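Each remark here refers to the structure printed beneath this line.
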Amino acid sequence: MAAQGNREAIKQMLEMEEAQGKRKRSYIYRGIKRRDDVFQALGYGLGATWGYIQHDMGNGLYFATSLKRALDYTRPGGCLLVVDWEEHGGCLSLKYLSGSEWDVFMKACICFGTENWSTPPNQYTDDFLIGPITKNYSQIMACNDPIPSGGGDFQICARTPAACSWMTKHLVAIFYV
């Protein structure tokens, strides 16, 4: 129950700052299930997850534009990372995915390697991929089309070492849940 209280306190604090006009920056959020992962990130820098992992945009370090969405990924004993996204990745490259390009890429990343999908996803070379979050992951695994979550929830995936380093340098807060 204490973890739920921490989650609500974090959300209320950030919403209050925004309502009072104190939050002039654009923030993105990453929910982490285990504090141990944060301690390693602080020692070595944030890094992308690599390997056979069926995430929306494939391998990478994921952040959400929605605080609520990021808190959905935390657990008691986890953390919430806050990154200042005002500069939108600085001089690093960004790729915005939408429409049919988003549909095909999400489906390929999530389904690749299953009996339903044999074509690898497009190998974008951009530092950051940005697009809607899917709301029907389990249906996509069965090779159905992805559906964006709506409500303006976007994910930002840092896919290169330079992008992960940029995120580390712009980390402004860590909340323990």
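Ligands are numbered from 1 in the order shown, residues from 1 within each chain, and chains are lettered A, B, ... in the order they appear in the structure tokens.
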
For the contact check between segment 81-169 of chain A and segment 30-34 of chain A, emit one row per residue of segment 81-169 of chain A within 10 Å, containing the shortest atom pair and the distance in Å rounded to one decimal, counting only C-alpha atoms, chain then rising number order, as a Markdown table.
| residue | atom | partner | partner_atom | distance |
| --- | --- | --- | --- | --- |
| A:Leu81 | CA | A:Arg30 | CA | 5.0 |
| A:Val82 | CA | A:Arg30 | CA | 6.7 |
| A:Val83 | CA | A:Arg30 | CA | 8.3 |
| A:Gln155 | CA | A:Arg30 | CA | 9.8 |
| A:Ile156 | CA | A:Arg30 | CA | 9.8 |

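Candidate residues A:Ser100, A:Asn116, A:Thr125, A:Thr134 were compared for distance to Gly151 of chain A, and the nearest is A:Thr134, using only C-alpha atoms.
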
Residue neighbourhood Asn122 of chain A, 10 Å, only C-alpha atoms, exclusion window fewer than 4 positions, as a PyMOL selection string: chain A and resi 101+104-105+108-109

Nearest residue to Gln123 of chain A from the set A:Arg35, A:Gly58, A:Asn136, A:His88 (distances using only C-alpha atoms):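 Distance minimum relative to Gln123 of chain A lands on A:Gly58.
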
Alpha helix (DSSP H) call set, DSSP backbone run, segment 93-163 of chain A, as a PyMOL selection string: chain A and resi 99-111+137-141+161-163

Generate a file of the selected residues that holds C-alpha atoms, formatted as a CSV table (one decimal), in the first residue's frame.
chain,number,residue,atom,x,y,z
A,99,GLY,CA,0.4,5.5,-39.9
A,100,SER,CA,1.2,2.4,-41.9
A,101,GLU,CA,4.9,2.7,-41.2
A,102,TRP,CA,4.2,2.5,-37.5
A,103,ASP,CA,1.8,-0.4,-38.0
A,104,VAL,CA,4.2,-2.5,-39.9
A,105,PHE,CA,7.2,-1.7,-37.7
A,106,MET,CA,5.3,-2.4,-34.4
A,107,LYS,CA,4.0,-5.7,-35.7
A,108,ALA,CA,7.4,-6.8,-37.1
A,109,CYS,CA,9.2,-5.9,-33.8
A,110,ILE,CA,6.7,-7.7,-31.6
A,111,CYS,CA,6.0,-10.7,-33.9
A,137,TYR,CA,0.3,-6.2,-27.2
A,138,SER,CA,-1.1,-9.7,-26.7
A,139,GLN,CA,-3.3,-9.4,-29.8
A,140,ILE,CA,-0.3,-8.3,-31.8
A,141,MET,CA,1.6,-11.4,-30.7
A,161,PRO,CA,24.8,4.3,-27.4
A,162,ALA,CA,24.8,8.1,-28.2
A,163,ALA,CA,21.1,8.3,-27.4

Closest of A:Ala70, A:Pro148, A:Leu80, A:His55 to Ala173 of chain A - atom-to-atom distances counting only C-alpha atoms: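 With only C-alpha atoms as the atom set, the closest residue is A:Leu80.
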
Between atom CA of Ile174 of chain A and atom CA of Tyr62 of chain A - distance in Å to one decimal: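 Straight-line distance from atom CA of Tyr62 of chain A to atom CA of Ile174 of chain A works out to 15.5 Å.
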
Straight-line distance linking atom CA of Met167 of chain A with atom CA of Ser98 of chain A, stated in Å to one decimal: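 Computed distance, atom CA of Met167 of chain A to atom CA of Ser98 of chain A, equals 23.1 Å.
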
Using only C-alpha atoms: which of A:Trp85, A:Gly78, A:Tyr96, A:Asp56 has the shortest distance to Phe112 of chain A: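 Among A:Trp85, A:Gly78, A:Tyr96, A:Asp56, it is A:Asp56 that comes nearest to Phe112 of chain A.
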